[in-house]
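K.L.:
What follows is the file coords-v9.pdb, containing PDB, C-alpha atoms:
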```
MODEL        1
ATOM      1  CA  MET A   1       5.450   4.157 -28.995  1.00  0.00           C
ATOM      2  CA  GLU A   2       8.262   3.943 -26.469  1.00  0.00           C
ATOM      3  CA  ILE A   3       7.408   5.360 -23.052  1.00  0.00           C
ATOM      4  CA  ASN A   4       9.810   8.033 -21.829  1.00  0.00           C
ATOM      5  CA  ASN A   5       7.781   9.983 -19.271  1.00  0.00           C
ATOM      6  CA  LEU A   6       4.873   9.752 -16.857  1.00  0.00           C
ATOM      7  CA  GLU A   7       2.388  11.405 -19.227  1.00  0.00           C
ATOM      8  CA  GLN A   8       3.034   8.842 -21.954  1.00  0.00           C
ATOM      9  CA  PHE A   9       2.753   6.029 -19.435  1.00  0.00           C
ATOM     10  CA  ALA A  10      -0.539   7.344 -18.022  1.00  0.00           C
ATOM     11  CA  ASP A  11      -2.059   7.702 -21.500  1.00  0.00           C
ATOM     12  CA  GLN A  12      -1.062   4.227 -22.644  1.00  0.00           C
ATOM     13  CA  PHE A  13      -1.948   2.532 -19.365  1.00  0.00           C
ATOM     14  CA  SER A  14      -5.338   4.220 -19.338  1.00  0.00           C
ATOM     15  CA  THR A  15      -5.990   2.942 -22.868  1.00  0.00           C
ATOM     16  CA  LEU A  16      -4.970  -0.546 -21.740  1.00  0.00           C
ATOM     17  CA  LEU A  17      -7.405  -0.546 -18.805  1.00  0.00           C
ATOM     18  CA  LYS A  18     -10.289   0.891 -20.829  1.00  0.00           C
ATOM     19  CA  GLY A  19      -9.947  -2.116 -23.118  1.00  0.00           C
ATOM     20  CA  LYS A  20     -10.884  -4.285 -20.087  1.00  0.00           C
ATOM     21  CA  PRO A  21      -8.172  -6.902 -20.658  1.00  0.00           C
ATOM     22  CA  GLU A  22      -8.096 -10.205 -18.815  1.00  0.00           C
ATOM     23  CA  TRP A  23      -5.634 -10.237 -15.919  1.00  0.00           C
ATOM     24  CA  PRO A  24      -2.817 -12.132 -17.754  1.00  0.00           C
ATOM     25  CA  ASP A  25      -2.856  -9.591 -20.602  1.00  0.00           C
ATOM     26  CA  LEU A  26      -3.119  -6.645 -18.207  1.00  0.00           C
ATOM     27  CA  LEU A  27      -0.171  -7.951 -16.221  1.00  0.00           C
ATOM     28  CA  LYS A  28       1.998  -8.692 -19.262  1.00  0.00           C
ATOM     29  CA  ASN A  29       1.343  -5.403 -21.062  1.00  0.00           C
ATOM     30  CA  GLY A  30       1.326  -3.341 -17.882  1.00  0.00           C
ATOM     31  CA  ARG A  31       4.689  -4.687 -16.773  1.00  0.00           C
ATOM     32  CA  GLU A  32       6.169  -3.967 -20.192  1.00  0.00           C
ATOM     33  CA  MET A  33       4.900  -0.368 -20.033  1.00  0.00           C
ATOM     34  CA  LEU A  34       6.143   0.174 -16.496  1.00  0.00           C
ATOM     35  CA  SER A  35       9.513  -1.364 -17.339  1.00  0.00           C
ATOM     36  CA  GLN A  36       9.960   1.221 -20.084  1.00  0.00           C
ATOM     37  CA  LEU A  37       9.062   4.045 -17.708  1.00  0.00           C
ATOM     38  CA  VAL A  38      11.355   2.991 -14.853  1.00  0.00           C
ATOM     39  CA  SER A  39      14.224   2.285 -17.276  1.00  0.00           C
ATOM     40  CA  ASN A  40      14.314   5.986 -18.158  1.00  0.00           C
ATOM     41  CA  PRO A  41      16.438   7.816 -15.523  1.00  0.00           C
ATOM     42  CA  ASN A  42      15.282  11.357 -16.308  1.00  0.00           C
ATOM     43  CA  TRP A  43      11.521  11.767 -15.852  1.00  0.00           C
ATOM     44  CA  PHE A  44      11.546  11.394 -12.037  1.00  0.00           C
ATOM     45  CA  LYS A  45      14.222  14.028 -11.431  1.00  0.00           C
ATOM     46  CA  PRO A  46      11.728  16.961 -11.287  1.00  0.00           C
ATOM     47  CA  VAL A  47       9.655  15.101  -8.687  1.00  0.00           C
ATOM     48  CA  LEU A  48      12.622  14.727  -6.341  1.00  0.00           C
ATOM     49  CA  SER A  49      13.640  18.336  -6.935  1.00  0.00           C
ATOM     50  CA  LYS A  50      10.148  19.625  -6.100  1.00  0.00           C
ATOM     51  CA  LEU A  51       9.959  17.498  -2.956  1.00  0.00           C
ATOM     52  CA  ALA A  52      13.258  18.936  -1.767  1.00  0.00           C
ATOM     53  CA  LEU A  53      12.653  22.564  -2.783  1.00  0.00           C
ATOM     54  CA  ASP A  54       8.910  23.258  -3.238  1.00  0.00           C
ATOM     55  CA  ASP A  55       6.989  23.343   0.050  1.00  0.00           C
ATOM     56  CA  ALA A  56       3.663  23.819  -1.747  1.00  0.00           C
ATOM     57  CA  PHE A  57       4.217  20.595  -3.700  1.00  0.00           C
ATOM     58  CA  LEU A  58       5.196  18.814  -0.505  1.00  0.00           C
ATOM     59  CA  LYS A  59       2.061  19.993   1.302  1.00  0.00           C
ATOM     60  CA  SER A  60      -0.110  18.922  -1.636  1.00  0.00           C
ATOM     61  CA  GLN A  61       0.767  15.277  -1.031  1.00  0.00           C
ATOM     62  CA  TRP A  62      -2.128  13.186   0.243  1.00  0.00           C
ATOM     63  CA  HIS A  63      -1.902  11.668   3.728  1.00  0.00           C
ATOM     64  CA  SER A  64      -1.108   8.087   2.871  1.00  0.00           C
ATOM     65  CA  ILE A  65      -0.645   5.218   5.305  1.00  0.00           C
ATOM     66  CA  ASP A  66       3.085   4.945   4.623  1.00  0.00           C
ATOM     67  CA  PRO A  67       5.251   8.066   5.077  1.00  0.00           C
ATOM     68  CA  ASN A  68       7.490   6.994   2.169  1.00  0.00           C
ATOM     69  CA  ASP A  69       4.545   6.905  -0.283  1.00  0.00           C
ATOM     70  CA  LEU A  70       4.254   9.707  -2.871  1.00  0.00           C
ATOM     71  CA  GLN A  71       1.242   9.958  -5.159  1.00  0.00           C
ATOM     72  CA  ILE A  72       2.452  11.294  -8.505  1.00  0.00           C
ATOM     73  CA  TYR A  73      -0.546  10.552 -10.755  1.00  0.00           C
ATOM     74  CA  ARG A  74      -4.230   9.749 -10.317  1.00  0.00           C
ATOM     75  CA  SER A  75      -6.394   8.709 -13.237  1.00  0.00           C
ATOM     76  CA  PRO A  76      -9.273  11.208 -13.739  1.00  0.00           C
ATOM     77  CA  GLU A  77     -11.576   8.208 -14.171  1.00  0.00           C
ATOM     78  CA  LYS A  78     -10.153   6.687 -10.941  1.00  0.00           C
ATOM     79  CA  LEU A  79      -8.930   3.650 -12.883  1.00  0.00           C
ATOM     80  CA  PHE A  80      -5.457   3.650 -11.339  1.00  0.00           C
ATOM     81  CA  THR A  81      -2.864   5.655  -9.428  1.00  0.00           C
ATOM     82  CA  VAL A  82       0.883   5.910  -9.869  1.00  0.00           C
ATOM     83  CA  ARG A  83       2.991   6.254  -6.741  1.00  0.00           C
ATOM     84  CA  ALA A  84       6.662   6.460  -5.921  1.00  0.00           C
ATOM     85  CA  PHE A  85       7.982   4.761  -2.790  1.00  0.00           C
ATOM     86  CA  ILE A  86      11.309   5.788  -1.283  1.00  0.00           C
ATOM     87  CA  TRP A  87      13.068   3.029   0.654  1.00  0.00           C
ATOM     88  CA  GLU A  88      15.823   3.941   3.106  1.00  0.00           C
ATOM     89  CA  PRO A  89      18.745   1.589   3.724  1.00  0.00           C
ATOM     90  CA  ASN A  90      18.809  -0.399   6.966  1.00  0.00           C
ATOM     91  CA  VAL A  91      15.095   0.235   7.538  1.00  0.00           C
ATOM     92  CA  PHE A  92      12.995  -2.924   7.700  1.00  0.00           C
ATOM     93  CA  TYR A  93       9.553  -1.953   6.495  1.00  0.00           C
ATOM     94  CA  PRO A  94       6.750  -4.187   7.751  1.00  0.00           C
ATOM     95  CA  ILE A  95       5.378  -7.156   5.862  1.00  0.00           C
ATOM     96  CA  HIS A  96       2.057  -5.904   4.494  1.00  0.00           C
ATOM     97  CA  ASP A  97      -0.846  -6.579   2.164  1.00  0.00           C
ATOM     98  CA  HIS A  98      -2.660  -4.325  -0.332  1.00  0.00           C
ATOM     99  CA  GLY A  99      -6.176  -3.175  -1.041  1.00  0.00           C
ATOM    100  CA  ALA A 100      -5.751  -3.490  -4.809  1.00  0.00           C
ATOM    101  CA  TRP A 101      -3.638  -5.190  -7.464  1.00  0.00           C
ATOM    102  CA  GLY A 102      -0.366  -3.458  -8.200  1.00  0.00           C
ATOM    103  CA  ILE A 103       2.540  -3.527 -10.637  1.00  0.00           C
ATOM    104  CA  VAL A 104       5.883  -2.443  -9.189  1.00  0.00           C
ATOM    105  CA  GLY A 105       9.059  -1.336 -10.975  1.00  0.00           C
ATOM    106  CA  ALA A 106      12.533  -0.687  -9.564  1.00  0.00           C
ATOM    107  CA  HIS A 107      13.643   2.799 -10.647  1.00  0.00           C
ATOM    108  CA  ILE A 108      16.558   4.135  -8.591  1.00  0.00           C
ATOM    109  CA  ASN A 109      18.977   1.528  -7.208  1.00  0.00           C
ATOM    110  CA  GLN A 110      18.125  -2.064  -6.399  1.00  0.00           C
ATOM    111  CA  ILE A 111      15.235  -3.212  -4.225  1.00  0.00           C
ATOM    112  CA  ARG A 112      14.725  -6.537  -2.467  1.00  0.00           C
ATOM    113  CA  GLU A 113      11.249  -8.066  -2.381  1.00  0.00           C
ATOM    114  CA  ARG A 114      10.172 -10.963  -0.192  1.00  0.00           C
ATOM    115  CA  LYS A 115       6.756 -12.462  -0.912  1.00  0.00           C
ATOM    116  CA  PHE A 116       4.657 -14.207   1.739  1.00  0.00           C
ATOM    117  CA  ALA A 117       1.603 -16.447   1.893  1.00  0.00           C
ATOM    118  CA  ARG A 118      -0.949 -16.428   4.676  1.00  0.00           C
ATOM    119  CA  VAL A 119      -1.581 -19.938   5.999  1.00  0.00           C
ATOM    120  CA  ASP A 120      -4.096 -19.301   8.821  1.00  0.00           C
ATOM    121  CA  ASP A 121      -7.845 -19.277   8.198  1.00  0.00           C
ATOM    122  CA  GLY A 122      -8.261 -15.512   8.702  1.00  0.00           C
ATOM    123  CA  SER A 123     -10.994 -15.919  11.319  1.00  0.00           C
ATOM    124  CA  ASP A 124      -9.201 -13.728  13.898  1.00  0.00           C
ATOM    125  CA  SER A 125      -8.610 -10.177  12.667  1.00  0.00           C
ATOM    126  CA  ASN A 126      -5.593  -9.780  14.963  1.00  0.00           C
ATOM    127  CA  PHE A 127      -3.921 -13.133  14.225  1.00  0.00           C
ATOM    128  CA  ALA A 128      -2.052 -14.109  11.081  1.00  0.00           C
ATOM    129  CA  GLU A 129       0.482 -16.781  10.224  1.00  0.00           C
ATOM    130  CA  VAL A 130       2.589 -15.982   7.160  1.00  0.00           C
ATOM    131  CA  VAL A 131       5.388 -17.928   5.496  1.00  0.00           C
ATOM    132  CA  GLN A 132       7.929 -16.644   2.995  1.00  0.00           C
ATOM    133  CA  THR A 133       7.463 -17.951  -0.542  1.00  0.00           C
ATOM    134  CA  ALA A 134       9.954 -15.926  -2.622  1.00  0.00           C
ATOM    135  CA  ASP A 135      12.988 -13.659  -2.288  1.00  0.00           C
ATOM    136  CA  ALA A 136      14.283 -11.583  -5.215  1.00  0.00           C
ATOM    137  CA  THR A 137      16.372  -8.475  -5.848  1.00  0.00           C
ATOM    138  CA  LEU A 138      15.202  -6.176  -8.644  1.00  0.00           C
ATOM    139  CA  SER A 139      17.473  -3.825 -10.591  1.00  0.00           C
ATOM    140  CA  PRO A 140      16.224  -0.623 -12.258  1.00  0.00           C
ATOM    141  CA  GLY A 141      13.910  -1.510 -15.129  1.00  0.00           C
ATOM    142  CA  GLU A 142      12.753  -4.813 -13.614  1.00  0.00           C
ATOM    143  CA  THR A 143       9.203  -5.301 -12.355  1.00  0.00           C
ATOM    144  CA  THR A 144       7.125  -7.410 -10.009  1.00  0.00           C
ATOM    145  CA  TYR A 145       3.446  -7.400  -9.010  1.00  0.00           C
ATOM    146  CA  VAL A 146       1.034  -7.926  -6.136  1.00  0.00           C
ATOM    147  CA  LEU A 147      -2.619  -8.907  -5.921  1.00  0.00           C
ATOM    148  CA  ALA A 148      -5.211  -7.595  -3.490  1.00  0.00           C
ATOM    149  CA  LEU A 149      -5.606  -8.754   0.106  1.00  0.00           C
ATOM    150  CA  ASN A 150      -3.976 -12.059   1.088  1.00  0.00           C
ATOM    151  CA  GLU A 151      -2.648 -12.650  -2.432  1.00  0.00           C
ATOM    152  CA  GLY A 152      -0.362  -9.638  -2.264  1.00  0.00           C
ATOM    153  CA  ILE A 153       1.600  -9.915   0.980  1.00  0.00           C
ATOM    154  CA  HIS A 154       5.215  -8.807   0.640  1.00  0.00           C
ATOM    155  CA  GLN A 155       8.058  -6.787   2.100  1.00  0.00           C
ATOM    156  CA  MET A 156      10.371  -4.317   0.337  1.00  0.00           C
ATOM    157  CA  GLN A 157      13.899  -3.441   1.418  1.00  0.00           C
ATOM    158  CA  ALA A 158      16.672  -1.226   0.030  1.00  0.00           C
ATOM    159  CA  VAL A 159      19.996  -3.000  -0.514  1.00  0.00           C
ATOM    160  CA  ASN A 160      23.697  -2.098  -0.705  1.00  0.00           C
ATOM    161  CA  ASN A 161      23.289   0.831   1.713  1.00  0.00           C
ATOM    162  CA  ASN A 162      21.573   2.931  -0.983  1.00  0.00           C
ATOM    163  CA  THR A 163      18.228   4.715  -0.837  1.00  0.00           C
ATOM    164  CA  SER A 164      15.974   3.130  -3.461  1.00  0.00           C
ATOM    165  CA  VAL A 165      12.917   4.316  -5.373  1.00  0.00           C
ATOM    166  CA  THR A 166      10.206   2.078  -6.802  1.00  0.00           C
ATOM    167  CA  ILE A 167       7.266   3.122  -8.978  1.00  0.00           C
ATOM    168  CA  HIS A 168       3.929   1.446  -8.222  1.00  0.00           C
ATOM    169  CA  VAL A 169       0.764   1.351 -10.321  1.00  0.00           C
ATOM    170  CA  TYR A 170      -2.342   0.411  -8.332  1.00  0.00           C
ATOM    171  CA  GLY A 171      -5.780  -0.432  -9.704  1.00  0.00           C
ATOM    172  CA  SER A 172      -9.133   0.380  -8.153  1.00  0.00           C
ATOM    173  CA  PRO A 173      -9.187  -0.866  -4.552  1.00  0.00           C
ATOM    174  CA  VAL A 174     -11.344  -3.757  -3.430  1.00  0.00           C
ATOM    175  CA  ARG A 175     -10.708  -2.711   0.193  1.00  0.00           C
ATOM    176  CA  LYS A 176     -10.328   0.899   1.268  1.00  0.00           C
ATOM    177  CA  GLY A 177      -9.093   2.630   4.380  1.00  0.00           C
ATOM    178  CA  PHE A 178      -6.349   0.382   5.718  1.00  0.00           C
ATOM    179  CA  ILE A 179      -3.705  -2.222   5.034  1.00  0.00           C
ATOM    180  CA  ASN A 180      -2.513  -5.024   7.282  1.00  0.00           C
ATOM    181  CA  TYR A 181       0.961  -5.180   8.765  1.00  0.00           C
ATOM    182  CA  PHE A 182       2.096  -8.697   9.628  1.00  0.00           C
ATOM    183  CA  ASN A 183       4.560  -9.788  12.304  1.00  0.00           C
ATOM    184  CA  PRO A 184       5.693 -13.384  11.684  1.00  0.00           C
ATOM    185  CA  HIS A 185       7.535 -13.531  15.005  1.00  0.00           C
ATOM    186  CA  ASN A 186       4.379 -13.429  17.101  1.00  0.00           C
ATOM    187  CA  ASN A 187       1.794 -14.240  14.382  1.00  0.00           C
ATOM    188  CA  THR A 188      -0.056 -10.952  14.593  1.00  0.00           C
ATOM    189  CA  ALA A 189      -1.858  -8.771  12.074  1.00  0.00           C
ATOM    190  CA  ARG A 190      -2.335  -5.050  12.691  1.00  0.00           C
ATOM    191  CA  ARG A 191      -4.616  -2.804  10.653  1.00  0.00           C
ATOM    192  CA  MET A 192      -2.795   0.388   9.706  1.00  0.00           C
ATOM    193  CA  TYR A 193      -4.595   3.603   8.723  1.00  0.00           C
ATOM    194  CA  PRO A 194      -3.595   7.033   7.367  1.00  0.00           C
ATOM    195  CA  PRO A 195      -2.470   9.488  10.072  1.00  0.00           C
ATOM    196  CA  SER A 196      -5.757  11.408   9.786  1.00  0.00           C
ATOM    197  CA  VAL A 197      -7.672   8.284  10.819  1.00  0.00           C
ATOM    198  CA  GLU A 198      -5.155   6.565  13.093  1.00  0.00           C
ATOM    199  CA  LYS A 199      -5.886   8.743  16.137  1.00  0.00           C
ATOM    200  CA  LYS A 200      -9.600   7.904  15.966  1.00  0.00           C
ATOM    201  CA  VAL A 201      -8.773   4.202  15.660  1.00  0.00           C
ATOM    202  CA  LEU A 202      -6.358   4.351  18.612  1.00  0.00           C
ATOM    203  CA  ALA A 203      -9.091   5.956  20.736  1.00  0.00           C
ATOM    204  CA  ILE A 204     -11.558   3.216  19.750  1.00  0.00           C
ATOM    205  CA  ARG A 205      -9.019   0.513  20.597  1.00  0.00           C
ATOM    206  CA  THR A 206      -8.315   2.148  23.947  1.00  0.00           C
ATOM    207  CA  LEU A 207     -12.039   2.115  24.771  1.00  0.00           C
ATOM    208  CA  GLY A 208     -11.976  -1.637  24.229  1.00  0.00           C
ATOM    209  CA  SER A 209      -9.564  -1.901  27.168  1.00  0.00           C
ATOM    210  CA  ILE A 210     -11.679   0.100  29.627  1.00  0.00           C
ATOM    211  CA  PRO A 211     -14.261  -2.175  31.321  1.00  0.00           C
ATOM    212  CA  GLU A 212     -16.726   0.595  32.159  1.00  0.00           C
ATOM    213  CA  SER A 213     -20.250   1.293  30.934  1.00  0.00           C
ATOM    214  CA  TRP A 214     -19.412   4.698  29.447  1.00  0.00           C
ATOM    215  CA  ALA A 215     -16.734   3.123  27.231  1.00  0.00           C
ATOM    216  CA  GLU A 216     -19.239   0.536  26.019  1.00  0.00           C
ATOM    217  CA  ASP A 217     -21.746   3.312  25.283  1.00  0.00           C
ATOM    218  CA  VAL A 218     -19.198   5.186  23.167  1.00  0.00           C
ATOM    219  CA  LEU A 219     -18.301   2.036  21.256  1.00  0.00           C
ATOM    220  CA  ASN A 220     -21.966   1.291  20.561  1.00  0.00           C
ATOM    221  CA  SER A 221     -22.297   4.826  19.215  1.00  0.00           C
ATOM    222  CA  VAL A 222     -19.340   4.175  16.895  1.00  0.00           C
ATOM    223  CA  VAL A 223     -20.866   0.922  15.648  1.00  0.00           C
ATOM    224  CA  ASN A 224     -24.225   2.587  14.954  1.00  0.00           C
ATOM    225  CA  SER A 225     -22.759   5.741  13.397  1.00  0.00           C
ATOM    226  CA  SER A 226     -22.464   6.760   9.747  1.00  0.00           C
ATOM    227  CA  GLU A 227     -18.697   6.311   9.831  1.00  0.00           C
ATOM    228  CA  SER A 228     -16.902   4.220   7.216  1.00  0.00           C
ATOM    229  CA  GLU A 229     -17.352   0.472   7.504  1.00  0.00           C
ATOM    230  CA  PHE A 230     -13.763  -0.051   8.646  1.00  0.00           C
ATOM    231  CA  ILE A 231     -14.269   2.408  11.529  1.00  0.00           C
ATOM    232  CA  ARG A 232     -17.494   0.687  12.577  1.00  0.00           C
ATOM    233  CA  ASN A 233     -15.626  -2.624  12.430  1.00  0.00           C
ATOM    234  CA  GLU A 234     -12.989  -1.245  14.791  1.00  0.00           C
ATOM    235  CA  GLY A 235     -15.835  -0.437  17.167  1.00  0.00           C
ATOM    236  CA  ARG A 236     -17.140  -4.002  16.859  1.00  0.00           C
ATOM    237  CA  TYR A 237     -13.699  -5.487  17.491  1.00  0.00           C
ATOM    238  CA  SER A 238     -13.309  -3.336  20.627  1.00  0.00           C
ATOM    239  CA  LEU A 239     -16.770  -4.299  21.892  1.00  0.00           C
ATOM    240  CA  ILE A 240     -15.885  -7.971  21.505  1.00  0.00           C
ATOM    241  CA  LYS A 241     -12.690  -7.388  23.491  1.00  0.00           C
ATOM    242  CA  LEU A 242     -14.560  -5.369  26.126  1.00  0.00           C
ATOM    243  CA  LYS A 243     -17.131  -8.101  26.649  1.00  0.00           C
ATOM    244  CA  GLY A 244     -14.408 -10.764  26.318  1.00  0.00           C
TER
ENDMDL
END
```
Spit out the file's structure as structure tokens when you get a sec.
P.N.:
Amino acid sequence: MEINNLEQFADQFSTLLKGKPEWPDLLKNGREMLSQLVSNPNWFKPVLSKLALDDAFLKSQWHSIDPNDLQIYRSPEKLFTVRAFIWEPNVFYPIHDHGAWGIVGAHINQIRERKFARVDDGSDSNFAEVVQTADATLSPGETTYVLALNEGIHQMQAVNNNTSVTIHVYGSPVRKGFINYFNPHNNTARRMYPPSVEKKVLAIRTLGSIPESWAEDVLNSVVNSSESEFIRNEGRYSLIKLKG
């Protein structure tokens, strides 16, 4: 059955995942399904209208890492999510990785995607050397994909001075809590968190720059707390810097 709306896509994609296909079949069939969805110009119109006019819908959006990220569907079984990303012209979004595999479709206007490979050994959490491996422009209806972690580093950019929309389908994450932003000009990697977590992380990083015993005590408390693993890791990174 041809896919004309989000509900049809969610039903068929859920059936695909429950069949536990091998990755090549998941990618092939998933891209075909998403291509059908993003080729239809009508189903996304109510989403844009509600974002512009319905404050309750706007406030219901989850606090994602990227401000241009809209969650429009979440599988009840937590098998996948569907998100829309809005890309403004002349805005260079950071090179970044992902916590899960994803299939991406251009929906409104063209989008440029650059793919990158990480060529350092990953031993330093703040250092990364990436090189560009591909550069393509997608028109509405065309798709691409990313893999988790270092296999899915890319950068998206609107073209032709138009705001663009892409639709992303993400599987279950293998890493939660943050993504990495990469700066190839100074070979750095920076862990980025949702706004609700970022302030805590910034405080922990600041403590790592204060060579006083009280700061070390706070960081040890973070490391030994019941916080998420990525928060405890931030405490460890700051302790290493403090004791440098």
K.L.:
Name the residues in contact with A:Lys200 at a cut-off of 12 Å, using all atoms listed in the file, excluding same-chain residues fewer than 3 positions from it; report them as a PyMOL selection string.
P.N.:
chain A and resi 192-197+203-207+219+222+227-228+230-232+234-235
K.L.:
Go through A:Asn183, A:Asn233, A:Thr188, A:Leu147 one by one, measure the shortest atom-to-atom distance of each to A:Val201 using all atoms listed in the file, and give the residue with the smallest value.
P.N.:
A:Asn233
K.L.:
For the PyMOL selection byres ((chain A and resi 27-29) around 12), applied here, can you spell out every residue it catches as a VMD selection string?
P.N.:
chain A and resid 9 12 to 17 19 to 26 30 to 36 101 to 104 143 to 147 169 to 171
K.L.:
Please dump the current selection as a CSV table (one decimal), in the coordinates of the input; keep C-alpha atoms.
P.N.:
```
chain,number,residue,atom,x,y,z
A,9,PHE,CA,2.8,6.0,-19.4
A,12,GLN,CA,-1.1,4.2,-22.6
A,13,PHE,CA,-1.9,2.5,-19.4
A,14,SER,CA,-5.3,4.2,-19.3
A,15,THR,CA,-6.0,2.9,-22.9
A,16,LEU,CA,-5.0,-0.5,-21.7
A,17,LEU,CA,-7.4,-0.5,-18.8
A,19,GLY,CA,-9.9,-2.1,-23.1
A,20,LYS,CA,-10.9,-4.3,-20.1
A,21,PRO,CA,-8.2,-6.9,-20.7
A,22,GLU,CA,-8.1,-10.2,-18.8
A,23,TRP,CA,-5.6,-10.2,-15.9
A,24,PRO,CA,-2.8,-12.1,-17.8
A,25,ASP,CA,-2.9,-9.6,-20.6
A,26,LEU,CA,-3.1,-6.6,-18.2
A,30,GLY,CA,1.3,-3.3,-17.9
A,31,ARG,CA,4.7,-4.7,-16.8
A,32,GLU,CA,6.2,-4.0,-20.2
A,33,MET,CA,4.9,-0.4,-20.0
A,34,LEU,CA,6.1,0.2,-16.5
A,35,SER,CA,9.5,-1.4,-17.3
A,36,GLN,CA,10.0,1.2,-20.1
A,101,TRP,CA,-3.6,-5.2,-7.5
A,102,GLY,CA,-0.4,-3.5,-8.2
A,103,ILE,CA,2.5,-3.5,-10.6
A,104,VAL,CA,5.9,-2.4,-9.2
A,143,THR,CA,9.2,-5.3,-12.4
A,144,THR,CA,7.1,-7.4,-10.0
A,145,TYR,CA,3.4,-7.4,-9.0
A,146,VAL,CA,1.0,-7.9,-6.1
A,147,LEU,CA,-2.6,-8.9,-5.9
A,169,VAL,CA,0.8,1.4,-10.3
A,170,TYR,CA,-2.3,0.4,-8.3
A,171,GLY,CA,-5.8,-0.4,-9.7
```
K.L.:
So which residues touch A:Ala100 within 12 Å, counting all atoms listed in the file, skipping near sequence neighbours fewer than 4 positions away, as a ChimeraX atom specification?
P.N.:
/A:79-81,145-153,168-179
K.L.:
Fewer than 3 positions away in the same chain doesn't count, so skip those; otherwise give me all residues within 10 Å of A:Asn109, counting all atoms listed in the file, as a PyMOL selection string.
P.N.:
chain A and resi 87+106+138-141+158-166
K.L.:
What is the distance, in Å and to one decimal place, between atom CA of A:Gln132 and atom CA of A:Leu70?
P.N.:
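Between atom CA of A:Gln132 and atom CA of A:Leu70 the gap is 27.2 Å.
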K.L.:
Work out how far atom CA of A:Asn4 is from atom CA of A:Lys45, in Å to one decimal.
P.N.:
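Atom CA of A:Asn4 lies 12.8 Å from atom CA of A:Lys45.
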K.L.:
In Å to one decimal, how far is atom CA of A:Ser64 from atom CA of A:Lys78?
P.N.:
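Atom-to-atom, atom CA of A:Lys78 to atom CA of A:Ser64, that is 16.6 Å.
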K.L.:
Restricting the calculation to only C-alpha atoms, which member of A:Gln71, A:Gln110, A:Ser123, A:Ser213 is positioned closest to A:Arg83?
P.N.:
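For A:Arg83, the nearest of the candidates is A:Gln71.
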K.L.:
Determine the residue membership of the PyMOL selection byres ((chain A and resi 126) around 8) for the file above and supply it as a list in words.
P.N.:
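Given this file, the PyMOL selection byres ((chain A and resi 126) around 8) evaluates to Asp124, Ser125, Phe127, Ala128, Thr188, Ala189 and Arg190 of chain A.
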K.L.:
Quick one: which residues end up in the PyMOL selection byres ((chain A and resi 58) around 12) for this structure, as a PDB file with C-alpha atoms, in the frame of the given file?
P.N.:
```
ATOM      1  CA  VAL A  47       9.655  15.101  -8.687  1.00  0.00           C
ATOM      2  CA  LEU A  48      12.622  14.727  -6.341  1.00  0.00           C
ATOM      3  CA  SER A  49      13.640  18.336  -6.935  1.00  0.00           C
ATOM      4  CA  LYS A  50      10.148  19.625  -6.100  1.00  0.00           C
ATOM      5  CA  LEU A  51       9.959  17.498  -2.956  1.00  0.00           C
ATOM      6  CA  ALA A  52      13.258  18.936  -1.767  1.00  0.00           C
ATOM      7  CA  LEU A  53      12.653  22.564  -2.783  1.00  0.00           C
ATOM      8  CA  ASP A  54       8.910  23.258  -3.238  1.00  0.00           C
ATOM      9  CA  ASP A  55       6.989  23.343   0.050  1.00  0.00           C
ATOM     10  CA  ALA A  56       3.663  23.819  -1.747  1.00  0.00           C
ATOM     11  CA  PHE A  57       4.217  20.595  -3.700  1.00  0.00           C
ATOM     12  CA  LYS A  59       2.061  19.993   1.302  1.00  0.00           C
ATOM     13  CA  SER A  60      -0.110  18.922  -1.636  1.00  0.00           C
ATOM     14  CA  GLN A  61       0.767  15.277  -1.031  1.00  0.00           C
ATOM     15  CA  TRP A  62      -2.128  13.186   0.243  1.00  0.00           C
ATOM     16  CA  HIS A  63      -1.902  11.668   3.728  1.00  0.00           C
ATOM     17  CA  ASP A  69       4.545   6.905  -0.283  1.00  0.00           C
ATOM     18  CA  LEU A  70       4.254   9.707  -2.871  1.00  0.00           C
ATOM     19  CA  GLN A  71       1.242   9.958  -5.159  1.00  0.00           C
ATOM     20  CA  ILE A  72       2.452  11.294  -8.505  1.00  0.00           C
TER      21      ILE A  72
END
```
K.L.:
Step by step, gather every atom of stretch 164-172 of chain A that the file lists, find the box along x, y and z that holds them, add 3 Å on each side, and finally give centre and edge lengths in Å to one decimal, as lines of an AutoDock Vina configuration file.
P.N.:
```
center_x = 3.4
center_y = 1.9
center_z = -6.9
size_x = 31.1
size_y = 10.7
size_z = 12.9
```
K.L.:
Determine, counting all atoms listed in the file, which protein, DNA and RNA residues have an atom within 12 Å of an atom of A:Gly244; residues of the same chain fewer than 3 positions away are not included. Present the result as a PDB file with C-alpha atoms, in the frame of the given file.
P.N.:
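That gives us result_1.pdb:
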```
ATOM      1  CA  GLY A 208     -11.976  -1.637  24.229  1.00  0.00           C
ATOM      2  CA  SER A 209      -9.564  -1.901  27.168  1.00  0.00           C
ATOM      3  CA  ILE A 210     -11.679   0.100  29.627  1.00  0.00           C
ATOM      4  CA  PRO A 211     -14.261  -2.175  31.321  1.00  0.00           C
ATOM      5  CA  ARG A 236     -17.140  -4.002  16.859  1.00  0.00           C
ATOM      6  CA  TYR A 237     -13.699  -5.487  17.491  1.00  0.00           C
ATOM      7  CA  SER A 238     -13.309  -3.336  20.627  1.00  0.00           C
ATOM      8  CA  LEU A 239     -16.770  -4.299  21.892  1.00  0.00           C
ATOM      9  CA  ILE A 240     -15.885  -7.971  21.505  1.00  0.00           C
ATOM     10  CA  LYS A 241     -12.690  -7.388  23.491  1.00  0.00           C
TER      11      LYS A 241
END
```
K.L.:
Using only C-alpha atoms, can you list as a list of chain:residue names the residues within 8 Å of (4.8, -14.1, 11.9)?
P.N.:
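Taken together, the residues in range are A:Ala128, A:Glu129, A:Val130, A:Val131, A:Phe182, A:Asn183, A:Pro184, A:His185, A:Asn186, A:Asn187, A:Thr188.
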